[in-house]
$ cat work_8.txt   # compact mmCIF, C-alpha atoms
# COMPACT_ATOMS: atom_id res chain seq x y z
CA MET C 1 130.09 99.39 127.16
CA ASN C 2 127.80 98.73 130.11
CA GLY C 3 125.65 101.68 131.14
CA HIS C 4 126.15 103.31 127.73
CA ILE C 5 123.65 103.69 124.91
CA GLU C 6 125.41 101.67 122.23
CA GLU C 7 122.25 99.64 121.51
CA ILE C 8 120.25 102.69 120.54
CA VAL C 9 122.88 104.90 118.90
CA SER C 10 122.00 103.62 115.40
CA ALA C 11 118.30 104.23 115.93
CA TYR C 12 119.12 107.70 117.35
CA LEU C 13 121.16 108.44 114.22
CA ASP C 14 118.22 107.39 112.03
CA ASP C 15 115.70 109.35 114.12
CA GLU C 16 113.85 106.12 114.88
CA LEU C 17 113.56 106.55 118.67
CA SER C 18 110.46 107.53 120.60
CA GLU C 19 110.41 111.04 122.10
CA GLU C 20 111.27 109.67 125.54
CA GLU C 21 114.14 107.48 124.26
CA ARG C 22 115.52 110.38 122.23
CA ARG C 23 115.59 112.65 125.31
CA GLN C 24 117.40 109.96 127.31
CA ALA C 25 119.93 109.41 124.52
CA GLU C 26 120.66 113.14 124.18
CA GLY C 27 121.10 113.44 127.97
CA HIS C 28 123.59 110.58 127.96
CA LEU C 29 125.51 111.80 124.90
CA LYS C 30 126.15 115.19 126.54
CA ASN C 31 128.04 113.54 129.38
CA CYS C 32 129.64 110.49 127.68
CA PRO C 33 132.63 111.01 125.35
CA ALA C 34 132.74 107.28 124.45
CA CYS C 35 129.15 107.25 123.15
CA ARG C 36 129.70 110.59 121.39
CA LYS C 37 132.76 109.06 119.66
CA LEU C 38 130.69 106.03 118.62
CA LEU C 39 127.95 108.28 117.25
CA ASN C 40 130.47 110.35 115.27
CA GLU C 41 132.01 107.20 113.80
CA LEU C 42 128.61 105.89 112.76
CA VAL C 43 127.79 109.25 111.18
CA GLU C 44 131.04 109.01 109.18
CA ILE C 45 130.26 105.46 108.08
CA GLN C 46 126.71 106.36 107.08
CA GLY C 47 127.95 109.36 105.06
CA GLY C 48 130.65 107.21 103.46
CA ILE C 49 128.15 104.54 102.42
CA ARG C 50 125.80 107.12 100.90
CA ASP C 51 128.62 108.78 99.05
CA ALA C 52 130.12 105.51 97.82
CA TYR C 53 126.91 104.11 96.39
CA GLN C 54 125.41 107.33 95.10
CA HIS C 55 128.29 107.45 92.61
CA VAL C 56 127.18 104.13 91.16
CA ALA C 57 125.28 104.92 87.97
CA GLU C 58 123.21 102.42 86.05
CA PRO C 59 124.68 101.33 82.69
CA GLU C 60 123.19 103.05 79.64
CA SER C 61 122.37 99.68 78.13
CA LEU C 62 120.01 98.66 80.96
CA GLU C 63 116.90 100.45 79.67
CA GLU C 64 117.35 99.10 76.15
CA ARG C 65 118.01 95.58 77.42
CA VAL C 66 114.81 95.54 79.49
CA LEU C 67 112.63 96.98 76.74
CA SER C 68 114.04 94.59 74.12
CA ALA C 69 113.43 91.64 76.42
CA LEU C 70 109.83 92.77 77.02
CA LYS C 71 109.18 93.15 73.28
CA ALA C 72 110.69 89.73 72.55
CA ASN C 73 108.46 88.04 75.13
CA ARG C 74 105.23 89.71 74.06
CA PRO C 75 102.95 87.48 71.93
CA SER C 76 102.05 89.20 68.62
CA VAL C 77 98.38 88.05 68.39
CA PRO C 78 96.63 86.19 71.17
CA ALA C 79 95.59 82.70 70.01
CA ARG C 80 92.01 83.12 71.22
CA SER C 81 91.36 86.23 69.12
CA ALA C 82 92.96 84.56 66.07
CA GLN C 83 90.49 81.68 66.38
CA ALA C 84 87.63 84.16 66.73
CA TRP C 85 88.62 85.91 63.51
CA LEU C 86 88.82 82.56 61.71
CA ALA C 87 85.30 81.62 62.86
CA VAL C 88 83.72 84.70 61.21
CA PRO C 89 84.32 83.79 57.51
CA VAL C 90 83.41 80.12 58.18
CA LEU C 91 80.08 81.20 59.69
CA VAL C 92 79.39 83.60 56.81
CA ALA C 93 80.09 80.86 54.23
CA PHE C 94 77.78 78.43 56.08
CA VAL C 95 74.92 80.95 56.21
CA ALA C 96 75.41 81.80 52.51
CA ALA C 97 75.31 78.09 51.58
CA LEU C 98 72.09 77.65 53.57
CA ALA C 99 70.47 80.65 51.86
CA LEU C 100 71.52 79.37 48.41
CA PHE C 101 70.12 75.93 49.15
CA ALA C 102 66.82 77.42 50.33
CA ALA C 103 66.58 79.48 47.12
CA ILE C 104 67.35 76.77 44.53
CA GLY C 105 66.58 73.65 46.59
CA SER C 106 63.30 72.82 44.77
CA TYR C 107 64.99 73.08 41.31
CA LEU C 108 67.88 70.89 42.48
CA SER C 109 65.44 68.24 43.72
CA LYS C 110 63.63 68.13 40.31
CA PHE C 111 66.93 67.94 38.43
CA GLY C 112 68.07 65.09 40.71
CA SER C 113 64.95 62.98 40.09
CA VAL C 114 65.24 63.43 36.27
CA LEU C 115 68.93 62.40 36.40
CA LEU C 116 68.04 59.31 38.45
CA SER C 117 65.39 58.23 35.88
CA VAL C 118 67.91 58.61 33.01
CA VAL C 119 70.49 56.46 34.82
CA ARG C 120 67.85 53.77 35.58
CA ILE C 121 66.78 53.61 31.89
CA PHE C 122 70.43 53.38 30.73
CA LEU C 123 71.16 50.47 33.13
CA TYR C 124 67.99 48.63 32.02
CA ALA C 125 68.94 49.01 28.32
CA ALA C 126 72.54 47.84 28.94
CA GLY C 127 71.29 44.73 30.79
CA SER C 128 68.97 43.79 27.92
CA VAL C 129 71.75 44.18 25.31
CA LEU C 130 74.26 42.12 27.31
CA GLY C 131 71.68 39.34 27.93
CA SER C 132 70.80 38.97 24.23
CA GLN C 133 74.49 38.77 23.03
CA PRO C 134 76.42 36.12 25.19
CA ALA C 135 79.52 36.07 22.91
CA PHE C 136 79.82 39.87 23.14
CA THR C 137 79.40 39.69 26.93
CA ALA C 138 82.15 37.01 27.30
CA GLY C 139 84.53 39.12 25.17
CA LEU C 140 83.76 42.16 27.24
CA ILE C 141 84.50 40.26 30.52
CA ALA C 142 87.82 38.88 29.12
CA ALA C 143 88.89 42.36 27.96
CA SER C 144 88.02 43.76 31.40
CA LEU C 145 90.11 41.06 33.15
CA ILE C 146 93.12 41.71 30.91
CA LEU C 147 92.79 45.44 31.57
CA MET C 148 92.60 44.89 35.37
CA ILE C 149 95.67 42.57 35.46
CA GLY C 150 97.64 45.05 33.34
CA SER C 151 96.70 47.92 35.63
CA GLY C 152 97.68 45.88 38.72
CA LEU C 153 101.13 45.12 37.32
CA THR C 154 101.74 48.77 36.41
CA LEU C 155 100.68 49.88 39.91
CA LYS C 156 103.02 47.34 41.53
CA ARG C 157 105.94 48.65 39.52
CA LEU C 158 105.07 52.25 40.39
CA ILE C 159 104.78 51.54 44.15
CA GLY C 160 108.05 49.60 44.17
CA SER C 161 110.19 52.28 42.50
CA PRO C 162 110.36 54.95 45.36
CA SER C 163 111.68 52.39 47.86
CA ARG C 164 114.50 51.50 45.47
CA LEU C 165 115.30 55.17 45.08
CA GLY C 166 115.35 55.52 48.88
CA ARG C 167 117.89 52.74 49.31
CA GLU C 168 120.12 54.19 46.61
CA THR C 169 120.26 57.64 48.15
CA SER C 170 120.87 56.36 51.65
CA MET B 1 103.08 109.05 95.42
CA ASP B 2 102.55 111.70 92.77
CA GLU B 3 99.67 111.66 90.33
CA GLU B 4 101.88 111.13 87.27
CA LEU B 5 103.55 108.07 88.77
CA HIS B 6 100.17 106.65 89.77
CA GLU B 7 98.99 107.07 86.17
CA TRP B 8 102.07 105.32 84.73
CA ILE B 9 101.62 102.38 87.10
CA GLY B 10 97.94 102.11 86.16
CA LYS B 11 98.75 102.02 82.45
CA ALA B 12 101.68 99.62 82.90
CA LYS B 13 99.34 97.29 84.82
CA ASN B 14 97.29 97.01 81.60
CA GLY B 15 100.36 96.04 79.60
CA ASP B 16 101.30 99.51 78.29
CA THR B 17 105.05 99.18 77.61
CA ASP B 18 105.46 102.93 76.98
CA ALA B 19 104.19 103.67 80.49
CA PHE B 20 106.42 100.92 81.87
CA ALA B 21 109.39 102.49 80.05
CA LEU B 22 108.75 105.69 82.05
CA LEU B 23 108.74 103.69 85.29
CA LEU B 24 111.92 101.96 84.17
CA ARG B 25 113.63 105.31 83.56
CA ARG B 26 112.56 106.53 86.98
CA TYR B 27 113.63 103.47 88.98
CA GLN B 28 116.54 101.97 87.06
CA GLY B 29 119.16 103.86 89.10
CA THR B 30 117.71 102.75 92.44
CA VAL B 31 117.26 99.15 91.35
CA TYR B 32 120.74 98.96 89.85
CA ARG B 33 122.38 100.53 92.93
CA HIS B 34 120.60 98.07 95.19
CA ALA B 35 121.79 95.14 93.07
CA TYR B 36 125.32 96.52 92.87
CA GLY B 37 125.42 97.15 96.62
CA MET B 38 124.43 93.56 97.27
CA LEU B 39 126.47 91.82 94.57
CA ALA B 40 129.47 94.15 94.10
CA ASP B 41 129.65 93.22 90.44
CA ARG B 42 128.47 95.42 87.59
CA MET B 43 127.56 92.66 85.15
CA GLU B 44 125.63 90.69 87.73
CA ALA B 45 123.93 93.84 88.98
CA GLU B 46 122.77 94.65 85.45
CA ASP B 47 121.46 91.11 84.95
CA VAL B 48 119.56 91.22 88.23
CA ALA B 49 118.17 94.70 87.50
CA GLN B 50 116.93 93.49 84.10
CA GLU B 51 115.37 90.40 85.66
CA ALA B 52 113.72 92.52 88.35
CA PHE B 53 112.08 94.86 85.82
CA ILE B 54 110.83 91.97 83.65
CA LYS B 55 109.43 90.28 86.74
CA ALA B 56 107.81 93.55 87.76
CA PHE B 57 106.20 94.04 84.33
CA ASN B 58 104.80 90.51 84.32
CA GLY B 59 103.65 90.74 87.94
CA LEU B 60 102.12 94.23 87.73
CA PRO B 61 98.59 93.07 86.80
CA LYS B 62 98.49 91.23 90.14
CA LEU B 63 99.65 94.25 92.19
CA GLU B 64 96.51 95.46 93.96
CA GLU B 65 97.86 98.55 95.71
CA THR B 66 99.56 100.85 93.20
CA PHE B 67 100.87 103.09 96.01
CA ALA B 68 102.95 100.13 97.20
CA PHE B 69 104.75 99.89 93.84
CA THR B 70 108.11 101.22 95.07
CA SER B 71 108.42 98.87 98.03
CA TRP B 72 107.08 95.99 95.90
CA LEU B 73 109.76 96.61 93.26
CA THR B 74 112.41 96.86 96.00
CA ARG B 75 111.23 93.52 97.41
CA ILE B 76 111.61 91.92 93.96
CA VAL B 77 115.20 93.11 93.54
CA ALA B 78 116.05 92.29 97.18
CA ASN B 79 114.83 88.70 96.74
CA LEU B 80 116.66 88.27 93.43
CA CYS B 81 119.92 89.51 94.98
CA TYR B 82 119.46 87.30 97.99
CA ASP B 83 118.84 84.23 95.81
CA ARG B 84 121.90 85.00 93.72
CA LEU B 85 124.10 85.41 96.78
CA GLN B 86 122.87 82.11 98.16
CA LYS B 87 123.95 80.38 94.94
CA ARG B 88 127.24 82.22 94.63
CA ASN B 89 130.37 80.52 95.82
CA ARG B 90 132.14 82.59 98.47
CA SER B 91 135.45 82.30 96.58
CA ASP B 92 133.85 84.07 93.61
CA ARG B 93 133.61 87.33 95.53
CA VAL B 94 134.75 90.24 93.38
CA LEU B 95 136.25 93.57 94.31
CA PRO B 96 134.05 96.66 94.09
CA ASP B 97 134.55 98.53 90.87
CA ALA B 98 131.75 100.82 89.67
CA ALA B 99 132.05 103.66 92.18
CA VAL B 100 135.82 103.36 92.27
CA GLN B 101 136.18 103.73 88.52
CA SER B 102 133.97 106.81 88.30
CA LEU B 103 135.87 108.54 91.11
CA ALA B 104 139.31 107.47 89.89
CA ALA B 105 138.46 109.13 86.59
CA ASP B 106 137.78 112.36 88.51
CA GLY B 107 141.19 112.15 90.19
CA GLU B 108 139.74 111.91 93.71
CA MET B 109 142.04 109.24 95.02
CA ASP B 110 141.38 109.84 98.74
CA ARG B 111 137.71 109.28 98.21
CA VAL B 112 138.50 106.30 96.02
CA GLN B 113 140.40 104.78 98.93
CA LEU B 114 137.54 105.50 101.34
CA HIS B 115 134.96 104.05 98.97
CA LEU B 116 137.10 100.98 98.47
CA SER B 117 137.33 100.48 102.22
CA ILE B 118 133.59 100.95 102.64
CA GLU B 119 132.67 98.62 99.82
CA GLU B 120 135.12 95.98 100.98
CA ALA B 121 133.75 96.23 104.51
CA MET B 122 130.20 96.01 103.13
CA ASN B 123 131.11 92.87 101.19
CA ARG B 124 132.24 91.21 104.39
CA LEU B 125 128.80 91.61 105.93
CA SER B 126 126.25 88.82 105.68
CA PRO B 127 123.64 89.33 102.92
CA GLU B 128 121.01 90.09 105.60
CA HIS B 129 123.07 92.84 107.24
CA ARG B 130 124.19 94.31 103.90
CA GLN B 131 120.60 94.39 102.69
CA ALA B 132 119.46 96.27 105.79
CA VAL B 133 122.21 98.90 105.41
CA ILE B 134 121.51 99.39 101.69
CA LEU B 135 117.80 99.84 102.27
CA ARG B 136 118.42 102.33 105.08
CA ASP B 137 121.53 104.29 104.07
CA VAL B 138 121.51 104.05 100.27
CA GLU B 139 117.78 104.00 99.54
CA GLY B 140 116.62 105.92 102.60
CA TYR B 141 113.75 103.69 103.76
CA THR B 142 112.48 104.01 107.34
CA TYR B 143 112.72 101.03 109.70
CA GLU B 144 109.00 100.40 109.31
CA GLU B 145 109.24 100.38 105.50
CA ILE B 146 112.21 98.02 105.64
CA ALA B 147 110.26 95.71 107.94
CA GLU B 148 107.43 95.65 105.39
CA ILE B 149 109.71 95.09 102.39
CA LEU B 150 111.64 92.25 104.03
CA ASP B 151 108.64 90.91 105.94
CA LEU B 152 110.44 91.20 109.28
CA ALA B 153 109.57 92.46 112.75
CA LEU B 154 110.51 96.08 113.45
CA GLY B 155 112.83 94.97 116.26
CA THR B 156 114.71 92.65 113.89
CA VAL B 157 115.27 95.51 111.44
CA LYS B 158 116.53 97.79 114.23
CA SER B 159 118.88 95.09 115.48
CA ARG B 160 120.17 94.21 111.98
CA ILE B 161 121.01 97.83 111.15
CA HIS B 162 122.74 98.34 114.48
CA THR B 163 124.76 95.11 114.20
CA ALA B 164 125.69 95.86 110.57
CA ARG B 165 126.99 99.31 111.47
CA MET B 166 128.99 97.99 114.42
CA LEU B 167 130.56 95.35 112.16
CA LEU B 168 131.34 97.98 109.51
CA ARG B 169 132.94 100.17 112.17
CA LYS B 170 135.07 97.26 113.31
CA GLU B 171 136.16 96.48 109.73
CA MET B 172 136.93 100.11 108.95
CA ASN B 173 138.94 100.57 112.13
CA ARG B 174 140.91 97.40 111.43
CA GLY B 175 141.60 98.40 107.82
CA ASN B 176 142.52 102.03 108.36
CA GLY B 177 143.86 102.07 111.90
CA GLY B 178 140.84 104.23 112.77
CA LEU B 179 138.30 106.23 110.81
CA PRO B 180 139.47 109.42 109.08

$ encode --input "work_8.txt" --output "structure tokens"
Amino acid sequence: MNGHIEEIVSAYLDDELSEEERRQAEGHLKNCPACRKLLNELVEIQGGIRDAYQHVAEPESLEERVLSALKANRPSVPARSAQAWLAVPVLVAFVAALALFAAIGSYLSKFGSVLLSVVRIFLYAAGSVLGSQPAFTAGLIAASLILMIGSGLTLKRLIGSPSRLGRETS
Amino acid sequence: MDEELHEWIGKAKNGDTDAFALLLRRYQGTVYRHAYGMLADRMEAEDVAQEAFIKAFNGLPKLEETFAFTSWLTRIVANLCYDRLQKRNRSDRVLPDAAVQSLAADGEMDRVQLHLSIEEAMNRLSPEHRQAVILRDVEGYTYEEIAEILDLALGTVKSRIHTARMLLRKEMNRGNGGLP
């Protein structure tokens, strides 16, 4: 199609030519049946494409599918804000404990020192009694040993039983 | 871009799903038609349209220019279709069905035949040429807008549209013994 305007017919159809190019194209089309035929065919094709695809309607399910997918992907509570909410009661409890300690701290300290003195006196008395009665002390040690051995054996039996159960079930 | 649309985009950018639902309602037809035009398969077109909207929702916070939303969304669906076509085996090509079914139900068999011919001819084009024709003739974008969406030079867009139409003309003439 040498000398014709085939290369610019599409752009002419789409009104994408410059003013000068458009004038040249229109001048040529008036005198060239071949280029006019090409233009008419392209107009038909363009109309056919528009018509064919404009009849394509989106499925009704599309909107619901997209919205469901968006809801499913959305995190319910951001992790950072959850941690922030958890920090509030911990901080409040810590401050309350500090305030309580400041209020009754002096009484607690007095009570602690009295308790320590009582324990010290009790230990001193027990030592004196055990030292003055050697037979009683030996009996006490023997009874303690028997008690410890008995406890050890019971513990061994208790620890061994779950493994037996495990083997039976498997 | 109208004020209402601008407002919806702004809200959707901040994660408002109700505002995004309004955008979805407005653009679902365009997005689906683009996907169908490229893939010629209703199920695949629906999958791609869904994927495009989810991608758009997740990517919206990063969209700086709200007025560019439409072309940005078109670019998303265009890329998804292109990727899918690259993966698709050529032997898996399916016959057009959506437009044909709706017209056949109306009893317009002549138009059904014409649409079939057009869709079949479209499916014989390369993805690049088909994409250019869909953006121009179905969605009505200017050459400059198409160049921006596809990140191409204006001359390339002009040449692709021209070549695509010449190939379609050839296919239609071969199939029908001439255009109606």

$ closest_atom_pairs --input "work_8.txt" --of "chain C" --to "chain B" --cutoff "10 Å" --atoms "only C-alpha atoms" --output "tab-separated table"
residue	atom	partner	partner_atom	distance
C:Glu6	CA	B:His162	CA	8.8
C:Glu7	CA	B:His162	CA	7.2
C:Ile8	CA	B:His162	CA	7.9
C:Val9	CA	B:His162	CA	7.9
C:Ser10	CA	B:His162	CA	5.4
C:Ala11	CA	B:Lys158	CA	6.9
C:Asp14	CA	B:Thr142	CA	8.1
C:Asp15	CA	B:Thr142	CA	9.2
C:Glu16	CA	B:Tyr143	CA	7.3
C:Leu38	CA	B:Arg169	CA	9.0
C:Asn40	CA	B:Leu179	CA	9.9
C:Glu41	CA	B:Leu179	CA	7.0
C:Leu42	CA	B:Arg165	CA	6.9
C:Val43	CA	B:Arg165	CA	10.0
C:Glu44	CA	B:Leu179	CA	7.9
C:Ile45	CA	B:Arg169	CA	7.2
C:Gln46	CA	B:Asp137	CA	6.3
C:Gly47	CA	B:Asp137	CA	8.2
C:Gly48	CA	B:Ile118	CA	7.0
C:Ile49	CA	B:Ile118	CA	6.5
C:Arg50	CA	B:Val138	CA	5.3
C:Asp51	CA	B:His115	CA	7.9
C:Ala52	CA	B:His115	CA	5.2
C:Tyr53	CA	B:Val138	CA	6.6
C:Gln54	CA	B:Val138	CA	7.3
C:His55	CA	B:Ala99	CA	5.4
C:Val56	CA	B:Ala99	CA	5.0
C:Ala57	CA	B:Gly29	CA	6.3
C:Glu58	CA	B:Gly29	CA	5.3
C:Pro59	CA	B:Glu46	CA	7.5
C:Ser61	CA	B:Glu46	CA	8.9
C:Leu62	CA	B:Glu46	CA	6.6
C:Glu63	CA	B:Leu24	CA	6.9
C:Glu64	CA	B:Ala21	CA	9.5
C:Arg65	CA	B:Gln50	CA	7.1
C:Val66	CA	B:Gln50	CA	5.5
C:Leu67	CA	B:Ala21	CA	7.2
C:Ala69	CA	B:Ile54	CA	7.7
C:Leu70	CA	B:Ile54	CA	6.8
C:Lys71	CA	B:Thr17	CA	8.5
C:Asn73	CA	B:Ile54	CA	9.7
C:Arg74	CA	B:Gly15	CA	9.7

$ atom_distance --input "work_8.txt" --atom1 "CA of Phe69 in chain B" --atom2 "CA of Ala35 in chain B"
17.7 Å

$ atom_distance --input "work_8.txt" --atom1 "CA of Ala19 in chain B" --atom2 "CA of Glu3 in chain B"
13.5 Å

$ residues_around --input "work_8.txt" --residues "Ile149 in chain B" --least-positions-apart "6" --cutoff "8 Å" --atoms "all atoms listed in the file" --output "list in words"
Ser71, Trp72, Thr74 and Arg75 of chain B

$ atom_distance --input "work_8.txt" --atom1 "CA of Arg160 in chain B" --atom2 "CA of Asn123 in chain B"
15.4 Å

$ build_atoms --input "work_8.txt" --residues "range 16-36 of chain B" --atoms "N, CA, C and O atoms" --output "PDB file, keeping the file's coordinate frame"
ATOM      1  N   ASP B  16     100.768  98.403  79.097  1.00  0.00           N
ATOM      2  CA  ASP B  16     101.300  99.510  78.290  1.00  0.00           C
ATOM      3  C   ASP B  16     102.824  99.600  78.492  1.00  0.00           C
ATOM      4  O   ASP B  16     103.294 100.047  79.542  1.00  0.00           O
ATOM      5  N   THR B  17     103.576  99.202  77.469  1.00  0.00           N
ATOM      6  CA  THR B  17     105.050  99.180  77.610  1.00  0.00           C
ATOM      7  C   THR B  17     105.638 100.594  77.612  1.00  0.00           C
ATOM      8  O   THR B  17     106.693 100.822  78.199  1.00  0.00           O
ATOM      9  N   ASP B  18     104.949 101.548  76.965  1.00  0.00           N
ATOM     10  CA  ASP B  18     105.460 102.930  76.980  1.00  0.00           C
ATOM     11  C   ASP B  18     105.401 103.494  78.400  1.00  0.00           C
ATOM     12  O   ASP B  18     106.336 104.155  78.849  1.00  0.00           O
ATOM     13  N   ALA B  19     104.307 103.209  79.094  1.00  0.00           N
ATOM     14  CA  ALA B  19     104.190 103.670  80.490  1.00  0.00           C
ATOM     15  C   ALA B  19     105.217 102.948  81.361  1.00  0.00           C
ATOM     16  O   ALA B  19     105.828 103.556  82.250  1.00  0.00           O
ATOM     17  N   PHE B  20     105.425 101.674  81.080  1.00  0.00           N
ATOM     18  CA  PHE B  20     106.420 100.920  81.870  1.00  0.00           C
ATOM     19  C   PHE B  20     107.824 101.462  81.611  1.00  0.00           C
ATOM     20  O   PHE B  20     108.657 101.488  82.527  1.00  0.00           O
ATOM     21  N   ALA B  21     108.066 101.917  80.374  1.00  0.00           N
ATOM     22  CA  ALA B  21     109.390 102.490  80.050  1.00  0.00           C
ATOM     23  C   ALA B  21     109.653 103.736  80.903  1.00  0.00           C
ATOM     24  O   ALA B  21     110.783 103.982  81.313  1.00  0.00           O
ATOM     25  N   LEU B  22     108.596 104.497  81.189  1.00  0.00           N
ATOM     26  CA  LEU B  22     108.750 105.690  82.050  1.00  0.00           C
ATOM     27  C   LEU B  22     109.085 105.275  83.483  1.00  0.00           C
ATOM     28  O   LEU B  22     109.920 105.889  84.142  1.00  0.00           O
ATOM     29  N   LEU B  23     108.434 104.213  83.947  1.00  0.00           N
ATOM     30  CA  LEU B  23     108.740 103.690  85.290  1.00  0.00           C
ATOM     31  C   LEU B  23     110.176 103.175  85.343  1.00  0.00           C
ATOM     32  O   LEU B  23     110.893 103.385  86.317  1.00  0.00           O
ATOM     33  N   LEU B  24     110.558 102.509  84.266  1.00  0.00           N
ATOM     34  CA  LEU B  24     111.920 101.960  84.170  1.00  0.00           C
ATOM     35  C   LEU B  24     112.947 103.077  84.274  1.00  0.00           C
ATOM     36  O   LEU B  24     113.929 102.970  85.017  1.00  0.00           O
ATOM     37  N   ARG B  25     112.708 104.174  83.540  1.00  0.00           N
ATOM     38  CA  ARG B  25     113.630 105.310  83.560  1.00  0.00           C
ATOM     39  C   ARG B  25     113.720 105.900  84.967  1.00  0.00           C
ATOM     40  O   ARG B  25     114.773 106.290  85.418  1.00  0.00           O
ATOM     41  N   ARG B  26     112.588 105.927  85.646  1.00  0.00           N
ATOM     42  CA  ARG B  26     112.560 106.530  86.980  1.00  0.00           C
ATOM     43  C   ARG B  26     113.256 105.664  88.036  1.00  0.00           C
ATOM     44  O   ARG B  26     113.872 106.179  88.959  1.00  0.00           O
ATOM     45  N   TYR B  27     113.132 104.356  87.916  1.00  0.00           N
ATOM     46  CA  TYR B  27     113.630 103.470  88.980  1.00  0.00           C
ATOM     47  C   TYR B  27     114.907 102.715  88.649  1.00  0.00           C
ATOM     48  O   TYR B  27     115.431 102.020  89.510  1.00  0.00           O
ATOM     49  N   GLN B  28     115.404 102.819  87.426  1.00  0.00           N
ATOM     50  CA  GLN B  28     116.540 101.970  87.060  1.00  0.00           C
ATOM     51  C   GLN B  28     117.786 102.243  87.908  1.00  0.00           C
ATOM     52  O   GLN B  28     118.518 101.307  88.260  1.00  0.00           O
ATOM     53  N   GLY B  29     117.997 103.514  88.274  1.00  0.00           N
ATOM     54  CA  GLY B  29     119.160 103.860  89.100  1.00  0.00           C
ATOM     55  C   GLY B  29     119.071 103.204  90.472  1.00  0.00           C
ATOM     56  O   GLY B  29     120.024 102.567  90.942  1.00  0.00           O
ATOM     57  N   THR B  30     117.912 103.325  91.104  1.00  0.00           N
ATOM     58  CA  THR B  30     117.710 102.750  92.440  1.00  0.00           C
ATOM     59  C   THR B  30     117.860 101.239  92.424  1.00  0.00           C
ATOM     60  O   THR B  30     118.525 100.663  93.285  1.00  0.00           O
ATOM     61  N   VAL B  31     117.219 100.620  91.430  1.00  0.00           N
ATOM     62  CA  VAL B  31     117.260  99.150  91.350  1.00  0.00           C
ATOM     63  C   VAL B  31     118.689  98.669  91.088  1.00  0.00           C
ATOM     64  O   VAL B  31     119.171  97.733  91.732  1.00  0.00           O
ATOM     65  N   TYR B  32     119.368  99.367  90.176  1.00  0.00           N
ATOM     66  CA  TYR B  32     120.740  98.960  89.850  1.00  0.00           C
ATOM     67  C   TYR B  32     121.660  99.146  91.055  1.00  0.00           C
ATOM     68  O   TYR B  32     122.487  98.276  91.350  1.00  0.00           O
ATOM     69  N   ARG B  33     121.532 100.278  91.753  1.00  0.00           N
ATOM     70  CA  ARG B  33     122.380 100.530  92.930  1.00  0.00           C
ATOM     71  C   ARG B  33     122.166  99.478  94.005  1.00  0.00           C
ATOM     72  O   ARG B  33     123.094  99.028  94.653  1.00  0.00           O
ATOM     73  N   HIS B  34     120.896  99.114  94.198  1.00  0.00           N
ATOM     74  CA  HIS B  34     120.600  98.070  95.190  1.00  0.00           C
ATOM     75  C   HIS B  34     121.323  96.772  94.805  1.00  0.00           C
ATOM     76  O   HIS B  34     121.996  96.152  95.629  1.00  0.00           O
ATOM     77  N   ALA B  35     121.172  96.397  93.531  1.00  0.00           N
ATOM     78  CA  ALA B  35     121.790  95.140  93.070  1.00  0.00           C
ATOM     79  C   ALA B  35     123.309  95.225  93.166  1.00  0.00           C
ATOM     80  O   ALA B  35     123.959  94.265  93.598  1.00  0.00           O
ATOM     81  N   TYR B  36     123.866  96.375  92.795  1.00  0.00           N
ATOM     82  CA  TYR B  36     125.320  96.520  92.870  1.00  0.00           C
ATOM     83  C   TYR B  36     125.793  96.479  94.325  1.00  0.00           C
ATOM     84  O   TYR B  36     126.807  95.846  94.650  1.00  0.00           O
TER      85      TYR B  36
END
